[in-house]
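Heads up, upload_12.tsv below (TSV, C-alpha atoms):
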chain	number	residue	atom	x	y	z
A	825	MET	CA	-91.40	-22.18	41.35
A	826	LYS	CA	-89.88	-19.54	39.10
A	827	ARG	CA	-88.98	-20.69	35.62
A	828	THR	CA	-85.67	-19.91	33.97
A	829	ASP	CA	-85.61	-17.91	30.76
A	830	GLU	CA	-84.69	-21.03	28.85
A	831	GLU	CA	-87.70	-22.90	30.28
A	832	ARG	CA	-89.91	-19.95	29.42
A	833	MET	CA	-88.61	-20.03	25.86
A	834	GLN	CA	-89.49	-23.69	25.58
A	835	ALA	CA	-92.99	-22.88	26.86
A	836	VAL	CA	-93.26	-20.07	24.28
A	837	GLY	CA	-92.32	-22.62	21.62
A	838	LYS	CA	-95.38	-24.62	22.72
A	839	GLY	CA	-97.64	-21.58	22.35
A	840	ASP	CA	-97.61	-20.19	25.88
A	841	LEU	CA	-98.17	-16.45	25.47
A	842	ASP	CA	-97.96	-15.90	29.24
A	843	ALA	CA	-94.39	-17.18	29.20
A	844	PHE	CA	-93.68	-14.78	26.34
A	845	ARG	CA	-95.10	-11.90	28.36
A	846	ASP	CA	-92.88	-12.86	31.30
A	847	LEU	CA	-89.82	-12.81	29.04
A	848	VAL	CA	-90.74	-9.39	27.65
A	849	LEU	CA	-91.28	-7.99	31.15
A	850	ALA	CA	-87.99	-9.42	32.39
A	851	HIS	CA	-85.85	-8.23	29.48
A	852	GLN	CA	-87.49	-5.16	28.00
A	853	ARG	CA	-85.16	-2.84	29.92
A	854	SER	CA	-82.02	-4.48	28.54
A	855	ALA	CA	-83.36	-4.52	24.99
A	856	TRP	CA	-84.50	-0.92	25.30
A	857	SER	CA	-81.19	0.22	26.79
A	858	VAL	CA	-79.12	-1.23	23.94
A	859	ALA	CA	-81.50	-0.04	21.22
A	860	PHE	CA	-81.85	3.47	22.60
A	861	ARG	CA	-78.15	3.97	23.30
A	862	PHE	CA	-77.37	2.82	19.80
A	863	LEU	CA	-80.10	4.67	17.88
A	864	HIS	CA	-80.87	7.67	20.14
A	865	ASP	CA	-84.42	7.70	18.85
A	866	PRO	CA	-87.17	6.51	21.22
A	867	ALA	CA	-89.58	5.56	18.43
A	868	GLU	CA	-86.95	3.59	16.53
A	869	ALA	CA	-85.67	1.97	19.69
A	870	GLU	CA	-89.20	0.88	20.53
A	871	ASP	CA	-89.60	-0.58	17.04
A	872	VAL	CA	-86.37	-2.51	17.47
A	873	VAL	CA	-87.46	-3.88	20.85
A	874	GLN	CA	-90.78	-4.98	19.41
A	875	ASP	CA	-89.20	-6.53	16.30
A	876	ALA	CA	-86.65	-8.35	18.45
A	877	PHE	CA	-89.26	-9.93	20.70
A	878	LEU	CA	-91.48	-10.86	17.75
A	879	LYS	CA	-88.52	-12.54	16.06
A	880	ILE	CA	-87.93	-14.44	19.27
A	881	LEU	CA	-91.59	-15.51	19.31
A	882	ASP	CA	-91.43	-16.67	15.69
A	883	ALA	CA	-88.28	-18.68	16.30
A	884	ALA	CA	-89.26	-20.03	19.73
A	885	HIS	CA	-90.17	-23.50	18.46
A	886	ARG	CA	-86.65	-23.84	17.02
A	887	TYR	CA	-84.92	-22.46	20.12
A	888	ARG	CA	-82.23	-24.65	21.70
A	889	PRO	CA	-80.75	-23.40	24.98
A	890	THR	CA	-77.11	-23.55	23.87
A	891	ALA	CA	-76.41	-19.96	24.97
A	892	SER	CA	-78.17	-17.89	27.61
A	893	PHE	CA	-81.43	-16.25	26.58
A	894	ARG	CA	-79.93	-12.85	27.35
A	895	THR	CA	-77.10	-13.36	24.88
A	896	TYR	CA	-79.64	-14.54	22.31
A	897	LEU	CA	-81.70	-11.39	22.86
A	898	TYR	CA	-78.64	-9.12	22.58
A	899	GLN	CA	-77.67	-10.88	19.37
A	900	ILE	CA	-81.04	-10.07	17.79
A	901	VAL	CA	-81.21	-6.50	19.13
A	902	SER	CA	-77.63	-5.78	17.99
A	903	ARG	CA	-78.33	-7.10	14.50
A	904	LEU	CA	-81.54	-5.05	14.20
A	905	CYS	CA	-79.77	-1.88	15.43
A	906	ILE	CA	-76.89	-2.27	12.98
A	907	ASP	CA	-79.32	-2.96	10.12
A	908	ARG	CA	-81.26	0.20	10.93
A	909	MET	CA	-78.13	2.29	11.21
A	910	GLU	CA	-76.89	1.06	7.85
A	911	LYS	CA	-80.20	1.97	6.24
A	912	LYS	CA	-80.07	5.54	7.56
A	913	ARG	CA	-76.32	6.11	7.42
A	914	PRO	CA	-76.46	9.29	5.22
A	915	GLU	CA	-78.52	11.03	7.87
A	916	TYR	CA	-75.71	11.05	10.39
A	917	THR	CA	-75.56	14.27	12.37
A	918	ASP	CA	-72.75	15.64	14.48
A	919	GLU	CA	-75.18	17.13	16.98
A	920	PRO	CA	-75.24	15.46	20.37
A	921	PRO	CA	-78.47	13.48	20.77
A	922	ASP	CA	-81.31	15.13	22.57
A	923	VAL	CA	-81.64	13.01	25.68
A	924	ALA	CA	-83.47	14.15	28.75
A	925	ASP	CA	-80.85	14.02	31.48
A	926	PRO	CA	-82.44	13.31	34.88
A	927	SER	CA	-79.18	13.53	36.80
A	928	PRO	CA	-77.70	17.01	36.36
A	929	GLY	CA	-78.16	19.06	39.46
A	930	PRO	CA	-77.03	22.54	40.30
A	931	GLY	CA	-73.62	21.22	41.32
A	932	GLU	CA	-72.78	19.83	37.90
A	933	VAL	CA	-70.05	21.83	36.24
A	934	PHE	CA	-70.20	22.97	32.64
A	935	ALA	CA	-66.95	21.18	31.77
A	936	SER	CA	-68.38	17.86	32.87
A	937	ARG	CA	-71.42	18.40	30.66
A	938	GLN	CA	-69.14	19.16	27.76
A	939	GLU	CA	-67.14	16.02	28.43
A	940	LYS	CA	-70.26	13.90	28.36
A	941	ASP	CA	-71.47	15.48	25.14
A	942	ALA	CA	-68.06	15.04	23.55
A	943	VAL	CA	-67.86	11.39	24.53
A	944	ARG	CA	-71.44	10.76	23.46
A	945	THR	CA	-70.83	12.35	20.07
A	946	ALA	CA	-67.62	10.37	19.72
A	947	VAL	CA	-69.47	7.16	20.56
A	948	ASP	CA	-72.01	7.91	17.83
A	949	ALA	CA	-69.20	8.40	15.32
A	950	LEU	CA	-67.70	4.96	16.02
A	951	PRO	CA	-68.17	2.10	13.56
A	952	ALA	CA	-71.26	0.02	14.35
A	953	ASN	CA	-69.40	-3.01	15.73
A	954	GLN	CA	-67.29	-0.91	18.07
A	955	ARG	CA	-70.30	1.02	19.24
A	956	ILE	CA	-72.41	-2.03	20.00
A	957	ALA	CA	-69.47	-3.71	21.77
A	958	LEU	CA	-69.00	-0.60	23.90
A	959	ILE	CA	-72.70	-0.46	24.80
A	960	LEU	CA	-72.86	-4.14	25.70
A	961	LYS	CA	-69.73	-3.81	27.84
A	962	HIS	CA	-70.44	-0.55	29.65
A	963	TYR	CA	-74.18	-0.57	30.09
A	964	GLU	CA	-75.08	-4.26	30.09
A	965	GLY	CA	-71.95	-5.54	31.81
A	966	LEU	CA	-71.33	-8.41	29.39
A	967	SER	CA	-68.02	-10.25	29.31
A	968	TYR	CA	-65.92	-10.24	26.13
A	969	ALA	CA	-67.05	-13.81	25.41
A	970	GLU	CA	-70.73	-12.83	25.75
A	971	ILE	CA	-70.27	-9.78	23.55
A	972	GLY	CA	-68.52	-11.96	21.01
A	973	ALA	CA	-71.44	-14.40	21.04
A	974	ALA	CA	-73.90	-11.53	20.60
A	975	ILE	CA	-72.14	-9.91	17.64
A	976	GLY	CA	-70.63	-13.02	16.10
A	977	VAL	CA	-66.91	-12.48	16.73
A	978	THR	CA	-64.29	-13.97	19.06
A	979	ALA	CA	-63.51	-12.61	22.52
A	980	LYS	CA	-60.11	-11.55	21.22
A	981	ALA	CA	-61.78	-9.55	18.45
A	982	VAL	CA	-64.02	-7.89	21.05
A	983	GLU	CA	-60.90	-6.80	22.93
A	984	GLY	CA	-59.65	-5.20	19.71
A	985	LEU	CA	-62.98	-3.48	19.02
A	986	LEU	CA	-63.17	-2.06	22.53
A	987	GLY	CA	-59.51	-1.02	22.47
A	988	ARG	CA	-59.96	0.99	19.27
A	989	ALA	CA	-63.24	2.48	20.47
A	990	ARG	CA	-61.80	3.68	23.78
A	991	SER	CA	-58.67	4.98	22.09
A	992	ASP	CA	-60.87	7.15	19.82
A	993	LEU	CA	-62.84	8.37	22.81
A	994	GLN	CA	-59.67	9.20	24.74
A	995	ASP	CA	-58.36	11.20	21.77
A	996	ARG	CA	-61.62	13.11	21.53
A	997	LEU	CA	-61.57	13.86	25.23
A	998	ALA	CA	-57.92	14.92	25.13
A	999	SER	CA	-58.54	17.33	22.25
A	1000	LEU	CA	-61.50	18.81	24.14
A	1001	LYS	CA	-59.31	19.44	27.16
A	1002	LYS	CA	-56.65	21.07	24.97
A	1003	ASP	CA	-59.27	23.49	23.54
B	637	MET	CA	-43.01	-6.57	29.42
B	638	LYS	CA	-42.82	-3.69	26.93
B	639	CYS	CA	-45.15	-0.69	26.85
B	640	ASP	CA	-46.73	-1.50	23.46
B	641	LYS	CA	-47.71	-4.99	24.66
B	642	VAL	CA	-49.12	-3.53	27.86
B	643	LEU	CA	-51.09	-0.85	26.01
B	644	ASP	CA	-52.59	-3.52	23.73
B	645	ARG	CA	-54.06	-5.28	26.74
B	646	LEU	CA	-54.77	-2.33	29.00
B	647	GLY	CA	-58.49	-2.32	28.23
B	648	ALA	CA	-58.84	-6.02	29.06
B	649	TYR	CA	-56.79	-5.37	32.21
B	650	ALA	CA	-59.16	-2.57	33.29
B	651	ASP	CA	-62.17	-4.77	32.49
B	652	GLY	CA	-60.84	-7.68	34.55
B	653	GLU	CA	-60.76	-9.95	31.51
B	654	LEU	CA	-57.18	-11.17	31.88
B	655	SER	CA	-55.91	-14.25	33.65
B	656	ARG	CA	-54.40	-13.74	37.08
B	657	LEU	CA	-50.89	-14.22	35.70
B	658	GLN	CA	-51.34	-11.73	32.83
B	659	SER	CA	-52.95	-9.27	35.16
B	660	ARG	CA	-50.06	-9.53	37.62
B	661	ARG	CA	-47.48	-8.97	34.88
B	662	ILE	CA	-49.24	-5.84	33.65
B	663	GLY	CA	-49.66	-4.62	37.20
B	664	ARG	CA	-45.93	-4.99	37.80
B	665	HIS	CA	-45.18	-3.03	34.62
B	666	LEU	CA	-47.58	-0.28	35.59
B	667	GLU	CA	-45.89	0.19	38.96
B	668	GLY	CA	-42.72	1.35	37.22
B	669	CYS	CA	-44.10	3.05	34.07
B	670	SER	CA	-45.65	6.48	34.43
B	671	SER	CA	-46.51	6.66	30.71
B	672	CYS	CA	-48.70	3.52	30.89
B	673	GLN	CA	-50.19	4.81	34.15
B	674	VAL	CA	-51.33	7.93	32.28
B	675	HIS	CA	-52.94	5.75	29.62
B	676	LEU	CA	-54.73	3.70	32.26
B	677	ALA	CA	-55.97	6.86	33.99
B	678	GLY	CA	-57.28	8.14	30.63
B	679	LEU	CA	-59.04	4.86	30.00
B	680	ARG	CA	-60.68	4.93	33.42
B	681	GLU	CA	-61.74	8.52	32.82
B	682	VAL	CA	-63.49	7.50	29.58
B	683	ASN	CA	-65.15	4.58	31.38
B	684	ARG	CA	-66.35	6.92	34.12
B	685	ILE	CA	-67.85	9.41	31.67
B	686	LEU	CA	-69.52	6.61	29.69
B	687	GLY	CA	-71.09	5.40	32.91
B	688	GLU	CA	-72.51	8.85	33.61
B	689	ILE	CA	-74.36	9.22	30.30
B	690	PRO	CA	-78.04	8.94	31.26
B	691	MET	CA	-80.74	6.93	29.60
B	692	PRO	CA	-84.46	7.70	29.57
B	693	PRO	CA	-86.64	5.09	31.28
B	694	VAL	CA	-88.34	2.32	29.34
B	695	PRO	CA	-91.52	3.78	27.75
B	696	GLY	CA	-94.63	2.93	29.76
B	697	GLY	CA	-96.68	0.08	28.32
B	698	LEU	CA	-93.90	-1.14	26.02
B	699	ALA	CA	-94.23	-4.76	27.16
B	700	LEU	CA	-98.01	-4.58	26.84
B	701	ARG	CA	-97.74	-3.31	23.25
B	702	VAL	CA	-95.24	-6.02	22.34
B	703	VAL	CA	-97.45	-8.77	23.77
B	704	ALA	CA	-100.58	-7.34	22.12
B	705	GLU	CA	-98.80	-7.25	18.77
B	706	ALA	CA	-97.60	-10.81	19.31
B	707	ALA	CA	-101.15	-11.99	20.03
B	708	ARG	CA	-102.44	-10.13	16.97
B	709	ARG	CA	-99.82	-11.56	14.61
B	710	ALA	CA	-99.94	-15.09	15.92
B	711	PRO	CA	-103.59	-15.98	16.57
B	712	GLY	CA	-102.55	-19.64	16.82
B	713	VAL	CA	-100.65	-18.81	19.98
B	714	LYS	CA	-103.12	-19.00	22.84
B	715	ARG	CA	-103.03	-18.30	26.51
B	716	LEU	CA	-103.02	-21.42	28.61
B	717	SER	CA	-106.45	-22.46	29.89
B	718	LEU	CA	-107.50	-22.26	33.53
B	719	ILE	CA	-107.11	-26.04	33.82
B	720	SER	CA	-103.51	-25.81	32.58
B	721	HIS	CA	-102.77	-23.07	35.10
B	722	VAL	CA	-104.27	-25.11	37.94
B	723	SER	CA	-102.39	-28.25	36.94
B	724	GLU	CA	-99.16	-26.26	36.59
B	725	TRP	CA	-99.73	-24.76	40.03
B	726	LEU	CA	-100.46	-28.17	41.53
B	727	THR	CA	-97.34	-29.69	39.97
B	728	GLU	CA	-95.18	-26.87	41.31
B	729	ALA	CA	-96.78	-27.05	44.74
B	730	LEU	CA	-96.26	-30.82	44.92
B	731	GLN	CA	-92.61	-30.48	43.96
B	732	VAL	CA	-91.79	-28.29	46.95
B	733	MET	CA	-93.64	-30.47	49.51
B	734	PRO	CA	-91.81	-33.07	51.63
B	735	TYR	CA	-92.44	-36.68	50.58
B	736	PRO	CA	-95.03	-37.68	53.27
B	737	VAL	CA	-97.04	-34.51	52.69
B	738	ARG	CA	-96.83	-35.10	48.94
B	739	LEU	CA	-98.11	-38.66	49.39
B	740	ALA	CA	-100.97	-37.47	51.62
B	741	ALA	CA	-101.86	-34.75	49.12
B	742	CYS	CA	-101.89	-37.26	46.25
B	743	CYS	CA	-104.13	-39.65	48.25
B	744	THR	CA	-106.49	-36.78	49.09
B	745	ILE	CA	-106.71	-35.74	45.45
B	746	ILE	CA	-107.38	-39.34	44.34
B	747	ALA	CA	-110.01	-39.85	47.11
B	748	ALA	CA	-111.70	-36.56	46.25
B	749	SER	CA	-111.76	-37.54	42.57
B	750	LEU	CA	-113.37	-40.95	43.41
B	751	VAL	CA	-116.00	-39.33	45.64
B	752	GLY	CA	-116.71	-36.86	42.84
B	753	VAL	CA	-117.18	-39.67	40.30
B	754	LEU	CA	-119.51	-41.63	42.64
B	755	VAL	CA	-121.64	-38.60	43.45
B	756	ALA	CA	-121.88	-37.73	39.76
B	757	GLU	CA	-122.92	-41.34	38.97
B	758	ARG	CA	-125.66	-41.30	41.66
B	759	ILE	CA	-127.04	-37.99	40.43
B	760	SER	CA	-126.99	-39.24	36.87
B	761	SER	CA	-128.84	-42.54	37.61
B	762	ALA	CA	-131.45	-40.73	39.74
B	763	ASP	CA	-132.02	-38.39	36.80
B	764	ARG	CA	-132.47	-41.35	34.44
B	765	ARG	CA	-135.09	-43.01	36.73
B	766	HIS	CA	-136.92	-39.74	37.11
B	767	ALA	CA	-137.00	-39.28	33.32
B	768	VAL	CA	-138.62	-42.79	32.81
B	769	VAL	CA	-141.30	-42.06	35.38
B	770	VAL	CA	-142.07	-38.68	33.81
B	771	ALA	CA	-142.26	-40.26	30.34
B	772	ALA	CA	-144.65	-43.00	31.56
B	773	ARG	CA	-146.93	-40.46	33.23
B	774	GLU	CA	-147.18	-38.51	30.00
B	775	LEU	CA	-148.58	-41.50	28.04
B	776	ASP	CA	-152.21	-40.74	27.08
B	777	GLY	CA	-154.91	-42.84	28.77
B	778	LEU	CA	-152.58	-44.73	31.07
B	779	GLU	CA	-152.69	-42.32	34.01
B	780	TRP	CA	-155.45	-44.51	35.58
B	781	PHE	CA	-153.10	-47.45	35.92
B	782	GLY	CA	-150.41	-45.59	37.84
B	783	GLY	CA	-151.37	-47.28	41.11
B	784	ALA	CA	-152.07	-50.79	39.65
B	785	PRO	CA	-150.60	-53.77	41.59
B	786	PRO	CA	-147.64	-55.57	39.97
B	787	VAL	CA	-149.61	-58.75	39.11
B	788	SER	CA	-152.86	-57.66	37.50
B	789	VAL	CA	-154.55	-57.26	34.12
B	790	ALA	CA	-153.96	-53.53	34.30
B	791	ALA	CA	-150.25	-54.01	34.88
B	792	ALA	CA	-150.06	-56.43	31.94
B	793	TYR	CA	-151.89	-53.91	29.73
B	794	LEU	CA	-149.55	-51.13	30.85
B	795	GLY	CA	-146.51	-53.32	30.02
B	796	ALA	CA	-147.91	-54.15	26.58
B	797	ALA	CA	-148.72	-50.50	25.88
B	798	LEU	CA	-145.24	-49.37	26.82
B	799	THR	CA	-143.56	-51.97	24.55
B	800	SER	CA	-145.85	-51.73	21.48
B	801	SER	CA	-145.29	-49.18	18.69
B	802	PRO	CA	-147.81	-46.33	18.03
B	803	ALA	CA	-148.72	-47.89	14.64
B	804	GLU	CA	-149.76	-51.15	16.31
B	805	GLY	CA	-151.83	-49.20	18.81
B	806	ASP	CA	-153.65	-47.33	16.00
B	807	ALA	CA	-154.42	-50.62	14.16
B	808	ARG	CA	-156.08	-52.01	17.26
Go through the file and emit its structure as structure tokens.
Amino acid sequence: MKRTDEERMQAVGKGDLDAFRDLVLAHQRSAWSVAFRFLHDPAEAEDVVQDAFLKILDAAHRYRPTASFRTYLYQIVSRLCIDRMEKKRPEYTDEPPDVADPSPGPGEVFASRQEKDAVRTAVDALPANQRIALILKHYEGLSYAEIGAAIGVTAKAVEGLLGRARSDLQDRLASLKKD
Amino acid sequence: MKCDKVLDRLGAYADGELSRLQSRRIGRHLEGCSSCQVHLAGLREVNRILGEIPMPPVPGGLALRVVAEAARRAPGVKRLSLISHVSEWLTEALQVMPYPVRLAACCTIIAASLVGVLVAERISSADRRHAVVVAARELDGLEWFGGAPPVSVAAAYLGAALTSSPAEGDAR
């Protein structure tokens, strides 16, 4: 019978490294997605994923399944990402991140590519809380309440963060179209 | 409902985060307000573009590296033993069986365990008897009395020799 994440966490708390491995396998993609989209650096994103899971291992014996494991993981990954960004804030660059894009085919128009770059650059320029809220909403499909639990704010505050973030992105996109 | 109130909640409306009543009120406003419709279209455009931004795949071996690092940092954390795995498997298997099958399986396990204990006991006692015989045969000078009848001088001598200490034997 397949164990839930919460049951696996309780097993990890008792020293079961196989349960820990199962958790890593099940959630590495989510952790990686958030970390990479936030940091745009594969090496740093990998460090964050590793640190996040090791923190989870260290705290497993104290874990109480009050929230879902996924929310708990996002909470740790978000915190680690924001901490890293704050440490390297002066190094901010306006260049769009160098991401290998597997999707563009011959049919993709130049304007669309520009739009993506503009939005991506605008996302990177957002304040950390707005950026992480946007990532958790758009790429992980979390509800406002879940995002709030992950970043330590209310659902109403998440609505505000996302509203401001999207408004900035819309402005950036509108100015691109004007040019 | 006024435009500024609608625009405040347009994101939550697009995300499906509003109650049915709130959603219906905004929907009604949108039907008659082209300005708010433009805002909603812009919002959906941003959402679409965000959804199209690609992400490289998870690096190969990431989970393996994380688990290896975990094992290195926490040597106290051990993999479960084979016995634990088997008992976990048995518990899970028993849970999904119907009651009569579960009962039969439990009886079989108990019977098999009893048979195992009895067989082990027989083997062990046979080994003990064999060890006494081997020890008696190795006693110096007594090999002649191996075939002595139970009631005889030789048998009495053999019994005395087996119970006396080596020091007593030397003194004699």
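With all atoms listed in the file as the atoms that count, the minimum distance from B:Gln673 to the choices B:Val642, B:Leu739, B:Ile746, B:Met733 is reached by B:Val642.
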At most 8 Å to chain B: residues in chain A, only C-alpha atoms, as a VMD selection string: chain A and resid 825 839 to 842 844 to 845 848 to 849 852 to 853 856 to 857 860 to 861 870 874 877 to 878 881 923 to 927 939 to 940 943 to 944 962 to 963 967 to 968 983 986 to 987 990 to 991 993 to 994 997
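Remark: for A:Ala869, the closest of the candidate residues A:Thr978, A:Gln834, A:Ser902, A:Ser999 is A:Ser902 (distances computed over only C-alpha atoms).
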From A:Arg832, A:Lys1002, A:Lys961, A:His864, residue lying nearest A:Phe893 [only C-alpha atoms]: A:Arg832
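Closest approach to A:Pro889 among A:Asp846, A:Lys980, A:Met833, A:Glu868: A:Met833, based on only C-alpha atoms.
Atom CA of A:Pro951 to atom CA of B:Ser655 spans 28.7 Å [interatomic distance, one decimal].
For the atom pair formed by atom CA of A:Val901 and atom CA of A:Asp948, the distance is 17.1 Å, given to one decimal.
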Separation of atom CA of A:Ala884 from atom CA of A:Gly972, in Å and rounded to one decimal: 22.3 Å
Point (-49.5, 3.8, 32.5), cut-off 9 Å, counting all atoms listed in the file, residues as number ranges by chain: B: 639, 642-643, 646, 665-677
Include C-alpha atoms and write out the residues we just selected as a short mmCIF file (atom, residue, chain, number, x, y, z; two decimals), in the coordinates of the input.
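Saved as again_24.cif:
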data_model
loop_
_atom_site.label_atom_id
_atom_site.label_comp_id
_atom_site.auth_asym_id
_atom_site.auth_seq_id
_atom_site.Cartn_x
_atom_site.Cartn_y
_atom_site.Cartn_z
CA CYS B 639 -45.15 -0.69 26.85
CA VAL B 642 -49.12 -3.53 27.86
CA LEU B 643 -51.09 -0.85 26.01
CA LEU B 646 -54.77 -2.33 29.00
CA HIS B 665 -45.18 -3.03 34.62
CA LEU B 666 -47.58 -0.28 35.59
CA GLU B 667 -45.89 0.19 38.96
CA GLY B 668 -42.72 1.35 37.22
CA CYS B 669 -44.10 3.05 34.07
CA SER B 670 -45.65 6.48 34.43
CA SER B 671 -46.51 6.66 30.71
CA CYS B 672 -48.70 3.52 30.89
CA GLN B 673 -50.19 4.81 34.15
CA VAL B 674 -51.33 7.93 32.28
CA HIS B 675 -52.94 5.75 29.62
CA LEU B 676 -54.73 3.70 32.26
CA ALA B 677 -55.97 6.86 33.99
#
Nearby residues (all atoms listed in the file) at most 9 Å from A:Asp992, same-chain spacing under 4 positions excluded, as a VMD selection string: chain A and resid 946 to 947 950 987 to 988 996 to 997
Include C-alpha atoms and write out the residues we just selected as a tab-separated table (two decimals), in the frame of the given file.
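Heads up, here's the output in result_18.tsv:
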chain	number	residue	atom	x	y	z
A	946	ALA	CA	-67.62	10.37	19.72
A	947	VAL	CA	-69.47	7.16	20.56
A	950	LEU	CA	-67.70	4.96	16.02
A	987	GLY	CA	-59.51	-1.02	22.47
A	988	ARG	CA	-59.96	0.99	19.27
A	996	ARG	CA	-61.62	13.11	21.53
A	997	LEU	CA	-61.57	13.86	25.23
Centre and size of axis-aligned box enclosing stretch 953-965 of chain A plus 6 Å each side, as AutoDock Vina command-line options:
--center_x -71.2 --center_y -2.3 --center_z 23.8 --size_x 19.8 --size_y 18.6 --size_z 28.1
Of the listed residues A:Val872, A:Arg955, A:Ile971, A:Ala850, that which approaches A:Gln899 most closely, counting all atoms listed in the file: A:Ile971
